[in-house]
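Visitor: This is the content of my_file14.txt (compact mmCIF, C-alpha atoms and all ligand atoms):
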```txt
# COMPACT_ATOMS: atom_id res chain seq x y z
CA MET B 201 90.15 68.20 2.16
CA GLU B 202 87.29 66.48 3.94
CA THR B 203 85.86 63.29 2.53
CA ILE B 204 82.12 63.12 1.96
CA TYR B 205 81.47 59.40 1.65
CA LEU B 206 78.33 58.75 -0.43
CA ASP B 207 79.19 55.23 -1.58
CA ASN B 208 77.73 53.08 1.18
CA ASN B 209 76.20 50.56 -1.22
CA ALA B 210 79.75 49.71 -2.32
CA THR B 211 80.92 49.27 1.25
CA THR B 212 80.46 50.88 4.65
CA LYS B 213 82.85 52.11 7.30
CA VAL B 214 83.32 49.64 10.16
CA ALA B 215 81.41 51.08 13.12
CA PRO B 216 83.53 51.78 16.24
CA GLU B 217 81.24 49.53 18.32
CA VAL B 218 81.82 46.71 15.85
CA LEU B 219 85.60 47.05 15.97
CA GLU B 220 85.52 47.16 19.80
CA ALA B 221 83.49 43.96 19.93
CA MET B 222 85.92 42.22 17.58
CA LEU B 223 89.24 43.18 19.17
CA PRO B 224 89.32 40.61 22.04
CA PHE B 225 89.03 37.85 19.45
CA PHE B 226 92.28 38.96 17.84
CA LYS B 227 94.00 38.98 21.25
CA GLU B 228 93.19 36.86 24.29
CA GLU B 229 90.10 35.08 22.90
CA TYR B 230 91.95 32.99 20.34
CA GLY B 231 90.41 29.58 21.10
CA ASN B 232 88.84 27.34 18.48
CA PRO B 233 85.10 27.23 19.19
CA SER B 234 85.15 23.47 18.48
CA SER B 235 87.71 22.76 21.23
CA MET B 236 86.60 21.01 24.42
CA HIS B 237 88.60 23.25 26.79
CA HIS B 238 87.57 26.58 28.31
CA LYS B 239 89.45 28.69 25.71
CA GLY B 240 87.26 27.10 23.08
CA GLY B 241 84.11 27.22 25.20
CA ASP B 242 84.38 30.97 25.79
CA VAL B 243 84.66 31.58 22.06
CA ALA B 244 81.79 29.19 21.28
CA ALA B 245 79.65 31.19 23.72
CA ALA B 246 80.57 34.43 21.94
CA LEU B 247 79.58 32.86 18.62
CA ARG B 248 76.21 31.85 20.08
CA ARG B 249 75.59 35.41 21.28
CA ALA B 250 76.55 36.84 17.87
CA ARG B 251 74.25 34.39 16.11
CA LEU B 252 71.37 35.44 18.39
CA SER B 253 71.94 39.11 17.51
CA LEU B 254 71.83 38.41 13.78
CA ALA B 255 68.78 36.15 14.18
CA SER B 256 67.03 38.96 16.03
CA LEU B 257 67.70 41.43 13.19
CA LEU B 258 66.35 38.94 10.63
CA GLY B 259 63.47 37.59 12.72
CA CYS B 260 64.63 33.99 12.42
CA GLU B 261 66.05 31.20 14.62
CA PRO B 262 69.80 31.25 15.34
CA HIS B 263 70.26 27.75 13.88
CA GLU B 264 68.84 28.98 10.56
CA ILE B 265 71.97 31.11 9.99
CA VAL B 266 75.01 29.77 8.11
CA TYR B 267 78.07 32.04 8.15
CA THR B 268 80.01 32.37 4.89
CA SER B 269 83.00 34.36 3.66
CA CYS B 270 80.94 37.03 1.84
CA GLY B 271 77.67 37.86 0.15
CA THR B 272 78.94 36.28 -3.05
CA GLU B 273 79.56 32.96 -1.29
CA SER B 274 76.07 33.10 0.23
CA ASP B 275 74.58 33.61 -3.26
CA ASN B 276 76.67 30.78 -4.72
CA THR B 277 75.70 28.48 -1.86
CA ALA B 278 71.98 29.19 -2.30
CA LEU B 279 71.97 28.49 -6.04
CA TRP B 280 74.18 25.44 -5.73
CA SER B 281 72.14 23.98 -2.87
CA ALA B 282 68.75 24.47 -4.54
CA LEU B 283 69.93 22.74 -7.72
CA ARG B 284 71.86 19.99 -5.92
CA THR B 285 68.93 19.02 -3.71
CA GLN B 286 66.48 18.87 -6.67
CA PRO B 287 68.50 17.13 -9.39
CA ASP B 288 65.39 16.37 -11.45
CA LYS B 289 64.60 20.08 -11.92
CA ARG B 290 66.63 22.05 -14.47
CA HIS B 291 65.07 25.52 -14.52
CA LEU B 292 66.13 28.63 -12.65
CA VAL B 293 64.34 32.01 -12.61
CA THR B 294 66.07 35.28 -11.77
CA SER B 295 65.93 38.89 -13.04
CA LYS B 296 67.79 41.06 -15.52
CA VAL B 297 68.96 43.45 -12.80
CA GLU B 298 70.70 41.12 -10.32
CA HIS B 299 74.14 41.64 -8.79
CA SER B 300 77.00 39.98 -10.67
CA ALA B 301 77.13 37.31 -7.93
CA ILE B 302 73.83 35.99 -9.31
CA ILE B 303 73.99 37.12 -12.96
CA ASN B 304 77.35 35.47 -13.64
CA ASN B 305 76.33 32.36 -11.73
CA ALA B 306 73.16 32.04 -13.77
CA ALA B 307 75.17 32.49 -16.96
CA PHE B 308 77.54 29.74 -15.83
CA LEU B 309 74.63 27.43 -15.03
CA ALA B 310 73.09 28.16 -18.45
CA ARG B 311 76.37 27.03 -20.06
CA GLN B 312 76.11 23.86 -17.96
CA GLY B 313 72.74 23.09 -19.56
CA TYR B 314 70.31 24.58 -17.05
CA LYS B 315 67.44 26.65 -18.40
CA VAL B 316 67.63 30.20 -17.06
CA THR B 317 64.83 32.78 -17.30
CA GLU B 318 65.68 36.40 -16.51
CA ILE B 319 62.59 38.44 -15.67
CA GLY B 320 62.50 42.02 -16.91
CA VAL B 321 61.70 45.30 -15.17
CA ASP B 322 59.77 48.39 -16.23
CA ARG B 323 61.06 51.93 -16.75
CA ARG B 324 60.98 52.49 -12.96
CA GLY B 325 62.92 49.32 -12.24
CA LEU B 326 59.90 47.43 -10.87
CA LEU B 327 59.69 43.69 -11.45
CA ASP B 328 57.30 42.41 -14.13
CA PHE B 329 55.31 40.18 -11.78
CA ASP B 330 53.08 38.78 -14.56
CA GLU B 331 56.16 37.73 -16.51
CA LEU B 332 57.47 36.07 -13.36
CA LYS B 333 54.22 34.17 -12.76
CA ALA B 334 54.16 32.99 -16.36
CA ALA B 335 57.77 31.78 -16.14
CA LEU B 336 57.20 29.29 -13.32
CA THR B 337 56.90 25.67 -14.47
CA PRO B 338 56.98 22.25 -12.78
CA ASP B 339 60.65 22.11 -13.85
CA THR B 340 61.53 25.31 -11.90
CA ALA B 341 63.93 24.47 -9.07
CA LEU B 342 64.59 27.97 -7.80
CA VAL B 343 63.58 31.60 -8.03
CA SER B 344 66.32 34.01 -6.93
CA LEU B 345 65.63 37.74 -6.79
CA LEU B 346 67.38 40.77 -5.36
CA TRP B 347 65.45 42.30 -2.48
CA ALA B 348 66.87 45.79 -3.03
CA ASN B 349 68.77 46.77 -6.14
CA ASN B 350 72.33 47.84 -5.36
CA GLU B 351 72.39 50.46 -8.16
CA THR B 352 68.96 52.09 -7.84
CA GLY B 353 67.73 50.95 -4.42
CA VAL B 354 64.46 49.78 -6.01
CA LEU B 355 62.69 47.07 -3.98
CA PHE B 356 61.24 43.88 -5.44
CA PRO B 357 58.01 42.29 -4.09
CA ILE B 358 59.98 39.62 -2.23
CA VAL B 359 57.39 38.64 0.37
CA GLU B 360 54.70 38.16 -2.32
CA THR B 361 57.04 36.26 -4.64
CA ALA B 362 58.16 33.96 -1.82
CA ALA B 363 54.52 33.16 -1.02
CA LEU B 364 53.80 32.40 -4.68
CA CYS B 365 56.82 30.09 -4.88
CA ARG B 366 55.79 28.28 -1.69
CA GLU B 367 52.36 27.66 -3.23
CA LYS B 368 54.02 26.10 -6.27
CA GLY B 369 56.64 24.12 -4.34
CA ILE B 370 59.53 26.18 -5.73
CA VAL B 371 62.54 27.12 -3.56
CA PHE B 372 62.86 30.89 -3.15
CA HIS B 373 66.13 32.73 -2.48
CA THR B 374 66.68 36.46 -2.11
CA ASP B 375 69.94 38.39 -2.33
CA ALA B 376 69.15 40.82 0.49
CA VAL B 377 72.69 42.18 0.82
CA GLN B 378 71.45 45.76 0.32
CA ALA B 379 68.17 45.34 2.16
CA VAL B 380 69.36 44.02 5.53
CA GLY B 381 69.66 46.85 8.03
CA LYS B 382 67.88 49.33 5.75
CA ILE B 383 64.32 47.98 5.72
CA PRO B 384 62.52 45.94 8.40
CA ILE B 385 62.81 42.19 7.78
CA ASN B 386 60.94 39.51 9.72
CA LEU B 387 61.71 36.18 8.09
CA LYS B 388 59.34 34.24 10.35
CA GLU B 389 56.41 36.00 8.71
CA THR B 390 57.55 35.19 5.17
CA CYS B 391 57.91 32.13 2.92
CA ILE B 392 61.52 32.99 2.06
CA ASP B 393 63.64 29.81 1.98
CA MET B 394 67.10 31.37 1.75
CA LEU B 395 68.45 34.92 2.17
CA SER B 396 71.97 36.26 1.55
CA LEU B 397 73.61 39.10 3.45
CA SER B 398 77.08 40.58 3.71
CA GLY B 399 78.84 42.14 6.70
CA HIS B 400 80.55 45.00 4.91
CA LYS B 401 77.28 46.49 3.70
CA LEU B 402 76.15 47.00 7.31
CA HIS B 403 79.19 48.49 9.05
CA ALA B 404 80.99 45.18 9.74
CA PRO B 405 84.23 44.29 7.89
CA LYS B 406 84.64 42.90 4.38
CA GLY B 407 85.04 39.13 4.07
CA ILE B 408 82.11 37.87 6.13
CA GLY B 409 78.61 36.97 5.02
CA ALA B 410 75.70 34.83 6.06
CA LEU B 411 73.00 32.73 4.47
CA TYR B 412 69.64 32.21 6.15
CA VAL B 413 68.42 28.69 5.46
CA ARG B 414 64.83 28.08 6.56
CA HIS B 415 64.47 25.27 9.12
CA GLY B 416 63.55 22.07 7.31
CA LEU B 417 64.75 23.17 3.86
CA LYS B 418 66.83 20.54 2.08
CA PHE B 419 70.38 21.84 1.95
CA ALA B 420 73.61 20.83 0.24
CA PRO B 421 76.82 22.48 1.51
CA PHE B 422 78.96 24.48 -0.92
CA MET B 423 82.08 24.13 1.27
CA ILE B 424 82.49 20.52 2.29
CA GLY B 425 84.66 19.95 5.33
CA GLY B 426 84.22 19.82 9.09
CA HIS B 427 81.04 19.81 11.12
CA GLN B 428 81.01 23.61 11.56
CA GLU B 429 77.70 25.45 11.05
CA ASN B 430 75.84 22.17 11.67
CA GLY B 431 77.67 20.55 8.77
CA ARG B 432 76.39 23.20 6.37
CA ARG B 433 79.68 25.05 5.83
CA GLY B 434 83.06 23.49 6.59
CA GLY B 435 85.99 25.57 7.81
CA THR B 436 86.93 26.93 11.23
CA GLU B 437 84.63 29.84 12.00
CA ASN B 438 85.88 33.38 11.29
CA VAL B 439 85.29 34.22 14.94
CA PRO B 440 86.22 37.93 15.12
CA TYR B 441 84.21 38.72 12.00
CA ILE B 442 81.16 36.72 13.09
CA VAL B 443 81.28 38.63 16.39
CA GLY B 444 81.58 41.84 14.32
CA VAL B 445 78.46 40.98 12.33
CA GLY B 446 76.66 40.33 15.63
CA ALA B 447 77.54 43.81 16.87
CA ALA B 448 76.63 45.29 13.47
CA ALA B 449 73.26 43.51 13.59
CA GLU B 450 72.51 45.01 17.02
CA LEU B 451 73.52 48.43 15.72
CA SER B 452 71.41 47.99 12.57
CA GLU B 453 68.38 47.01 14.60
CA LYS B 454 68.82 50.07 16.78
CA ASN B 455 69.48 52.37 13.78
CA LEU B 456 66.65 51.16 11.57
CA PRO B 457 64.34 54.07 12.53
CA GLU B 458 67.19 56.54 11.90
CA GLU B 459 67.94 54.90 8.55
CA ASN B 460 64.30 55.42 7.52
CA GLY B 461 64.08 58.85 9.13
CA ARG B 462 67.21 61.00 9.19
CA VAL B 463 69.09 59.14 6.43
CA LYS B 464 66.05 59.13 4.15
CA ALA B 465 65.51 62.86 4.79
CA MET B 466 69.14 63.59 3.85
CA ARG B 467 68.84 61.46 0.71
CA ASP B 468 65.61 63.24 -0.30
CA ARG B 469 67.10 66.69 0.33
CA LEU B 470 70.18 65.80 -1.71
CA GLU B 471 68.01 64.46 -4.53
CA GLU B 472 65.69 67.48 -4.55
CA GLY B 473 68.70 69.76 -4.71
CA LEU B 474 70.27 67.83 -7.58
CA LEU B 475 66.99 67.85 -9.52
CA LYS B 476 67.27 71.67 -9.66
CA ILE B 477 70.18 71.16 -12.06
CA PRO B 478 68.68 71.16 -15.59
CA SER B 479 68.28 67.85 -17.47
CA THR B 480 68.65 65.74 -14.34
CA ILE B 481 66.64 62.54 -13.83
CA VAL B 482 66.22 60.16 -10.89
CA ASN B 483 66.42 56.54 -12.04
CA GLY B 484 64.16 54.05 -10.32
CA ASP B 485 60.84 54.24 -8.52
CA ARG B 486 61.05 56.98 -5.90
CA GLU B 487 58.66 55.30 -3.46
CA LEU B 488 59.46 51.58 -3.61
CA ARG B 489 63.10 52.19 -2.83
CA LEU B 490 65.72 51.91 -0.09
CA PRO B 491 65.88 55.00 2.13
CA ASN B 492 69.60 55.60 1.48
CA THR B 493 70.05 55.26 -2.29
CA SER B 494 69.69 57.71 -5.15
CA ASN B 495 70.61 56.96 -8.76
CA VAL B 496 70.78 60.22 -10.68
CA SER B 497 71.43 60.89 -14.35
CA PHE B 498 72.93 64.15 -15.48
CA GLU B 499 72.17 64.03 -19.16
CA TYR B 500 74.82 64.84 -21.76
CA VAL B 501 77.80 64.26 -19.45
CA GLU B 502 79.80 61.13 -18.67
CA GLY B 503 79.34 59.38 -15.33
CA GLU B 504 83.06 58.70 -15.10
CA SER B 505 83.96 62.37 -15.62
CA ILE B 506 81.49 63.34 -12.91
CA LEU B 507 83.01 60.84 -10.47
CA PHE B 508 86.50 62.06 -11.24
CA HIS B 509 85.60 65.69 -10.56
CA LEU B 510 83.55 64.80 -7.48
CA SER B 511 86.46 62.81 -6.11
CA HIS B 512 88.71 65.84 -6.58
CA ALA B 513 86.26 67.80 -4.46
CA GLY B 514 86.20 65.08 -1.77
CA ILE B 515 82.96 63.34 -2.70
CA CYS B 516 82.99 59.54 -3.06
CA ALA B 517 80.20 58.18 -5.24
CA SER B 518 79.98 55.50 -7.85
CA SER B 519 78.96 55.15 -11.41
CA GLY B 520 75.82 53.52 -12.71
CA SER B 521 77.64 52.70 -15.88
CA ALA B 522 80.79 50.66 -16.16
CA CYS B 523 82.66 52.26 -18.99
CA THR B 524 86.04 50.88 -19.82
CA SER B 525 88.37 52.61 -22.22
CA GLY B 526 87.17 52.23 -25.78
CA SER B 527 83.83 50.63 -24.98
CA LEU B 528 80.97 52.56 -23.48
CA GLU B 529 78.89 49.92 -21.77
CA PRO B 530 76.12 51.34 -19.61
CA SER B 531 74.94 49.50 -16.50
CA HIS B 532 72.88 46.35 -17.17
CA VAL B 533 70.37 47.63 -14.61
CA LEU B 534 69.70 50.95 -16.36
CA ARG B 535 69.72 49.14 -19.70
CA ALA B 536 67.05 46.69 -18.48
CA MET B 537 64.99 49.70 -17.35
CA GLY B 538 65.27 51.25 -20.80
CA VAL B 539 66.98 54.43 -19.58
CA PRO B 540 67.97 56.38 -22.73
CA PHE B 541 71.57 56.59 -23.82
CA THR B 542 72.05 60.26 -22.92
CA ALA B 543 70.91 59.57 -19.36
CA ALA B 544 72.39 56.12 -18.77
CA HIS B 545 75.92 57.27 -19.56
CA GLY B 546 75.64 60.21 -17.17
CA SER B 547 74.30 58.27 -14.23
CA ILE B 548 75.83 58.12 -10.79
CA ARG B 549 74.81 56.34 -7.60
CA LEU B 550 74.75 58.15 -4.28
CA SER B 551 74.31 55.96 -1.23
CA LEU B 552 74.17 57.34 2.30
CA SER B 553 74.40 55.86 5.78
CA THR B 554 73.87 56.90 9.38
CA ALA B 555 77.49 58.11 9.32
CA ASN B 556 76.55 61.03 7.01
CA THR B 557 75.63 64.49 8.29
CA ASP B 558 73.45 67.38 7.14
CA ALA B 559 76.56 69.53 6.78
CA GLU B 560 77.92 67.02 4.26
CA ILE B 561 74.73 67.24 2.23
CA ASP B 562 74.98 71.06 2.26
CA LYS B 563 78.55 70.80 0.98
CA ALA B 564 77.63 68.23 -1.68
CA LEU B 565 74.85 70.52 -2.90
CA GLU B 566 77.44 73.26 -3.42
CA ILE B 567 79.88 71.01 -5.24
CA PHE B 568 77.51 69.21 -7.65
CA PRO B 569 76.12 72.16 -9.65
CA ALA B 570 79.63 73.49 -10.22
CA VAL B 571 80.94 70.10 -11.39
CA ILE B 572 78.02 69.44 -13.74
CA SER B 573 78.08 72.89 -15.27
CA LYS B 574 81.84 72.68 -15.83
CA LEU B 575 81.44 69.33 -17.59
CA ARG B 576 78.51 70.52 -19.67
CA ASP B 577 80.55 73.48 -20.86
CA LEU B 578 82.83 70.88 -22.41
CA SER B 579 80.04 68.66 -23.74
CA PRO B 580 79.25 68.69 -27.48
CA PHE B 581 75.61 67.99 -26.51
CA TRP B 582 75.23 71.16 -24.47
CA LYS B 583 75.21 74.86 -25.48
CA ASP B 584 74.32 77.99 -23.47
CA GLY B 585 72.69 76.16 -20.55
CA ALA B 586 70.52 73.78 -22.61
CA PRO B 587 70.86 70.55 -24.58
CA ALA B 588 72.16 71.08 -28.10
CA LEU B 589 71.13 67.89 -29.77
CA ASP B 590 73.12 66.79 -32.71
CA ASN B 591 71.71 63.33 -33.30
CA SER B 592 74.69 62.28 -35.36
CA LEU B 593 76.70 62.49 -32.15
CA LEU B 594 74.22 60.50 -30.09
CA THR B 595 75.70 57.07 -30.56
CA CYS B 596 78.46 55.15 -28.89
CA ASP B 597 81.75 54.70 -30.67
CA THR B 598 81.45 50.91 -30.46
CA ASN B 599 78.88 48.27 -31.37
CA SER B 600 78.72 46.98 -27.82
CA CYS B 601 76.28 49.51 -26.38
CA GLN B 602 72.93 47.78 -26.22
CA ILE B 603 71.06 51.01 -25.74
CA CYS B 604 72.24 52.36 -29.07
CA ASN B 605 72.12 49.11 -30.98
C1 LIG E 1 77.82 43.78 -2.33
C2 LIG E 1 76.79 42.89 -2.85
C3 LIG E 1 77.01 41.51 -3.01
C4 LIG E 1 78.35 40.87 -2.75
O1 LIG E 1 78.72 40.86 -1.40
P1 LIG E 1 80.26 40.59 -1.06
O2 LIG E 1 80.29 40.40 0.40
O3 LIG E 1 81.00 41.79 -1.52
O4 LIG E 1 80.64 39.36 -1.82
C5 LIG E 1 75.98 40.72 -3.47
N1 LIG E 1 74.79 41.25 -3.76
C6 LIG E 1 74.52 42.55 -3.62
C7 LIG E 1 73.16 43.07 -3.93
C8 LIG E 1 75.51 43.41 -3.17
O5 LIG E 1 75.25 44.73 -3.06
```
Write out the structure in this file as structure tokens.

Guide:
Amino acid sequence: METIYLDNNATTKVAPEVLEAMLPFFKEEYGNPSSMHHKGGDVAAALRRARLSLASLLGCEPHEIVYTSCGTESDNTALWSALRTQPDKRHLVTSKVEHSAIINNAAFLARQGYKVTEIGVDRRGLLDFDELKAALTPDTALVSLLWANNETGVLFPIVETAALCREKGIVFHTDAVQAVGKIPINLKETCIDMLSLSGHKLHAPKGIGALYVRHGLKFAPFMIGGHQENGRRGGTENVPYIVGVGAAAELSEKNLPEENGRVKAMRDRLEEGLLKIPSTIVNGDRELRLPNTSNVSFEYVEGESILFHLSHAGICASSGSACTSGSLEPSHVLRAMGVPFTAAHGSIRLSLSTANTDAEIDKALEIFPAVISKLRDLSPFWKDGAPALDNSLLTCDTNSCQICN
């Protein structure tokens, strides 16, 4: 059975060019870039080239990049640094639809006594900009917002928000892990202070990330140690992986038009085909969105059952909800958007990349209708090709579902 991989927002396949670029640094190029001898010097030169490639993708200076171990570390570093460098400010603003790397951090900081404001979104997943403006106070140390939502692909007005924060003297960070490589980014033309990215979301390996830190921004390191990364992140550099991210950045820059052309066309064709299935909804604004992501709800069926059957047919996707046995807890993103219970529980995320083909989309469009109709035949909410609403059944079996309660 052939695999049709439609889960690129979870992770991407390492591109062959990226692996090729990395291999010498597992073999003959083993020097420590800090060493004074030629084995070190060669590796230091490779690091400089890789940093230039990433800086070119982001539109920033090479010295504004700090390599980290992952997107999560970049997010942690940004929050930590902004609060550490402004100890007199105790307020942090973020949104209700962030990645767990920010959400759980903010919750931790709230327990430590910081004031945290989480800005809401509308039914289409768009940020409530008025609520954001009203939330900013002289005590606000940092605003941190996702650039592109990992579940829906919806884009936030990052450039505008960064400009507003600059005006008010507030540090602005964006988790751009899903945005980098999928939409054009030119940091020089923005007021963004810090930006997180992760290698494995752009065809480099897992376990490498980077944080852009604007030149001149006060910075406190999260990892204290050696002088690496200009004293901003201790630890001997993960040379092969940094080189891999450099190659991935070059590839991303080259593939950006394809991402917004061919990939977007495949995503749209897939989505249009799925919308022909009755009681199907696309979650999130369909314009202000990444070109590769589609979050689709098949009402009256369970996301997990869909994924299970899709996987049997070779399709890898992921669920918008995170149901664990006994507690049906829909995704915090769909919940914040106010997606109704019947839709939120049947939502799945499809995320494409340049590695996908039109033939795969054709195949997926054959598999989906069969899977959904099979599951609906078993659903108590569905009879003879239409919803059969018995409202007494339309609640979760636990008190934890915030849509129902
Ligand atoms: C994947 C992801 C992260 C975490 O990146 P890791 O490298 O896996 O730690 C953070 N934010 C967003 C939006 C992501 O999609």

Visitor: Using only C-alpha atoms and all ligand atoms, can you tell me which of B:Ser281, B:Ser269, B:Asn305, B:Ser573 comes closest to ligand LIG 1 (chain E)?

Guide: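 Between B:Ser281, B:Ser269, B:Asn305, B:Ser573, the residue approaching ligand LIG 1 (chain E) most closely is B:Ser269.
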
Visitor: Can you pull out every residue within 8 Å of B:Ala543, counting all atoms listed in the file, but drop anything in the same chain fewer than 2 positions away, and send it as a ChimeraX atom specification?

Guide: /B:481,497-500,539-541,545-547

Visitor: Would you tabulate, counting only C-alpha atoms and all ligand atoms, all residues of chain B that have an atom at most 10 Å from an atom of ligand LIG 1 (chain E), showing the closest pair of atoms and their distance in Å to one decimal, sorted by chain then ascending number, as a Markdown table?

Guide:
```
| residue | atom | partner | partner_atom | distance |
| --- | --- | --- | --- | --- |
| B:Asn208 | CA | E:LIG1 | O5 | 9.7 |
| B:Asn209 | CA | E:LIG1 | O5 | 6.2 |
| B:Ala210 | CA | E:LIG1 | C1 | 6.2 |
| B:Thr211 | CA | E:LIG1 | C1 | 7.3 |
| B:Thr268 | CA | E:LIG1 | O2 | 9.2 |
| B:Ser269 | CA | E:LIG1 | O2 | 7.4 |
| B:Cys270 | CA | E:LIG1 | O2 | 3.7 |
| B:Gly271 | CA | E:LIG1 | O1 | 3.5 |
| B:Thr272 | CA | E:LIG1 | O4 | 3.7 |
| B:Glu273 | CA | E:LIG1 | O4 | 6.5 |
| B:Ser274 | CA | E:LIG1 | O4 | 8.0 |
| B:Asp275 | CA | E:LIG1 | C5 | 7.2 |
| B:Asn276 | CA | E:LIG1 | O4 | 9.9 |
| B:Val297 | CA | E:LIG1 | C7 | 9.8 |
| B:Glu298 | CA | E:LIG1 | C7 | 7.1 |
| B:His299 | CA | E:LIG1 | N1 | 5.1 |
| B:Ser300 | CA | E:LIG1 | C5 | 7.3 |
| B:Ala301 | CA | E:LIG1 | C5 | 5.7 |
| B:Ile302 | CA | E:LIG1 | N1 | 7.7 |
| B:Leu345 | CA | E:LIG1 | C7 | 9.7 |
| B:Leu346 | CA | E:LIG1 | C7 | 6.4 |
| B:Trp347 | CA | E:LIG1 | C7 | 7.9 |
| B:Ala348 | CA | E:LIG1 | C7 | 6.9 |
| B:Asn349 | CA | E:LIG1 | C7 | 6.2 |
| B:Asn350 | CA | E:LIG1 | O5 | 4.8 |
| B:Glu351 | CA | E:LIG1 | O5 | 8.2 |
| B:Gly353 | CA | E:LIG1 | C7 | 9.6 |
| B:Thr374 | CA | E:LIG1 | C7 | 9.4 |
| B:Asp375 | CA | E:LIG1 | N1 | 5.8 |
| B:Ala376 | CA | E:LIG1 | C7 | 6.4 |
| B:Val377 | CA | E:LIG1 | C6 | 4.8 |
| B:Gln378 | CA | E:LIG1 | O5 | 5.2 |
| B:Ala379 | CA | E:LIG1 | C7 | 8.2 |
| B:Ser396 | CA | E:LIG1 | N1 | 7.8 |
| B:Leu397 | CA | E:LIG1 | O1 | 7.3 |
| B:Ser398 | CA | E:LIG1 | O2 | 4.6 |
| B:Gly399 | CA | E:LIG1 | O2 | 6.7 |
| B:His400 | CA | E:LIG1 | O2 | 6.4 |
| B:Lys401 | CA | E:LIG1 | C1 | 6.6 |
| B:Pro405 | CA | E:LIG1 | O2 | 9.3 |
| B:Lys406 | CA | E:LIG1 | O2 | 6.4 |
| B:Gly407 | CA | E:LIG1 | O2 | 6.1 |
| B:Ile408 | CA | E:LIG1 | O2 | 6.5 |
| B:Gly409 | CA | E:LIG1 | O2 | 6.0 |
| B:Ala410 | CA | E:LIG1 | O2 | 9.2 |
```

Visitor: Identify, on the basis of all atoms listed in the file, every residue whose closest approach to B:Gly313 does not exceed 10 Å; exclude the query and any residue fewer than 4 positions from it along the same chain; express the result as a VMD selection string.

Guide: chain B and resid 290 to 291 308 to 309

Visitor: Which residues, written as a list in words, have at least one atom at most 8 Å from stretch 228-231 of chain B, with all atoms listed in the file counted and residues fewer than 6 positions away on the same chain left out?

Guide: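 Contacts, in chain order: Lys239, Gly240, Gly241, Asp242 and Val243 of chain B.
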
Visitor: So that I have them on file, write out the residues from the current selection with C-alpha atoms, as a PDB file, in the frame of the given file.

Guide:
```pdb
ATOM      1  CA  LYS B 239      89.450  28.690  25.710  1.00  0.00           C
ATOM      2  CA  GLY B 240      87.260  27.100  23.080  1.00  0.00           C
ATOM      3  CA  GLY B 241      84.110  27.220  25.200  1.00  0.00           C
ATOM      4  CA  ASP B 242      84.380  30.970  25.790  1.00  0.00           C
ATOM      5  CA  VAL B 243      84.660  31.580  22.060  1.00  0.00           C
TER       6      VAL B 243
END
```

Visitor: Between B:Ala536, B:Leu589, B:Ala570, B:Val463, which has the minimum distance to B:Leu206 (counting all atoms listed in the file)?

Guide: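 Of B:Ala536, B:Leu589, B:Ala570, B:Val463, the one nearest B:Leu206 is B:Val463, counting all atoms listed in the file.
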
Visitor: One number please: atom CA of B:Lys418 to atom CA of B:Ala449, in Å, one decimal.

Guide: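 Straight-line distance from atom CA of B:Lys418 to atom CA of B:Ala449 works out to 26.5 Å.
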
Visitor: Around the point (54.6, 36.3, -9.1) (coordinates from the file), which residues reach within 6 Å if we count only C-alpha atoms? Answer as a list of chain:residue names.

Guide: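 Within 6 Å of (54.6, 36.3, -9.1), the protein and nucleic acid residues are B:Phe329, B:Leu332, B:Lys333, B:Thr361, B:Leu364.
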
Visitor: Using only C-alpha atoms for the distances, tell me which of B:Lys388, B:Arg576, B:Arg248, B:His238 is nearest to B:Val413.

Guide: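 Checking each of B:Lys388, B:Arg576, B:Arg248, B:His238 against B:Val413, counting only C-alpha atoms, the winner is B:Lys388.
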
Visitor: Taking only C-alpha atoms into account, which of B:Ala517, B:Ala310, B:Leu552, B:Val321 comes nearest B:Asn460?

Guide: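 Checking each candidate against B:Asn460, we get B:Leu552 as the closest.
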
Visitor: Could you check which of B:Val293, B:Ala245, B:Leu474, B:Ala221 is closest to B:Ala404, using all atoms listed in the file?

Guide: B:Ala221

Visitor: Would you mind reading off the distance between atom CA of B:Leu534 and atom CA of B:Asn304, one decimal, in Å?

Guide: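 Atom CA of B:Asn304 lies 17.5 Å from atom CA of B:Leu534.
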
Visitor: Would you mind listing what lies within 9 Å of B:Glu560 as a list in words, with all atoms listed in the file counted and same-chain residues fewer than 3 positions away left out?

Guide: Thr203, Ile204, Tyr205, Asn556, Thr557, Lys563, Ala564 and Leu565 of chain B

Visitor: How would the residues just picked look written out with C-alpha atoms as an mmCIF file, keeping the file's coordinate frame?

Guide:
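Saved file result_29.cif follows:
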```
data_model
loop_
_atom_site.group_PDB
_atom_site.id
_atom_site.type_symbol
_atom_site.label_atom_id
_atom_site.label_comp_id
_atom_site.auth_asym_id
_atom_site.auth_seq_id
_atom_site.Cartn_x
_atom_site.Cartn_y
_atom_site.Cartn_z
ATOM 1 C CA THR B 203 85.860 63.290 2.530
ATOM 2 C CA ILE B 204 82.120 63.120 1.960
ATOM 3 C CA TYR B 205 81.470 59.400 1.650
ATOM 4 C CA ASN B 556 76.550 61.030 7.010
ATOM 5 C CA THR B 557 75.630 64.490 8.290
ATOM 6 C CA LYS B 563 78.550 70.800 0.980
ATOM 7 C CA ALA B 564 77.630 68.230 -1.680
ATOM 8 C CA LEU B 565 74.850 70.520 -2.900
#
```

Visitor: Find, counting all atoms listed in the file, the residue in B:Cys260, B:Leu470, B:Val343, B:Ala465 that gets nearest to B:Glu566.

Guide: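 Closest to B:Glu566 of all the choices is B:Leu470.
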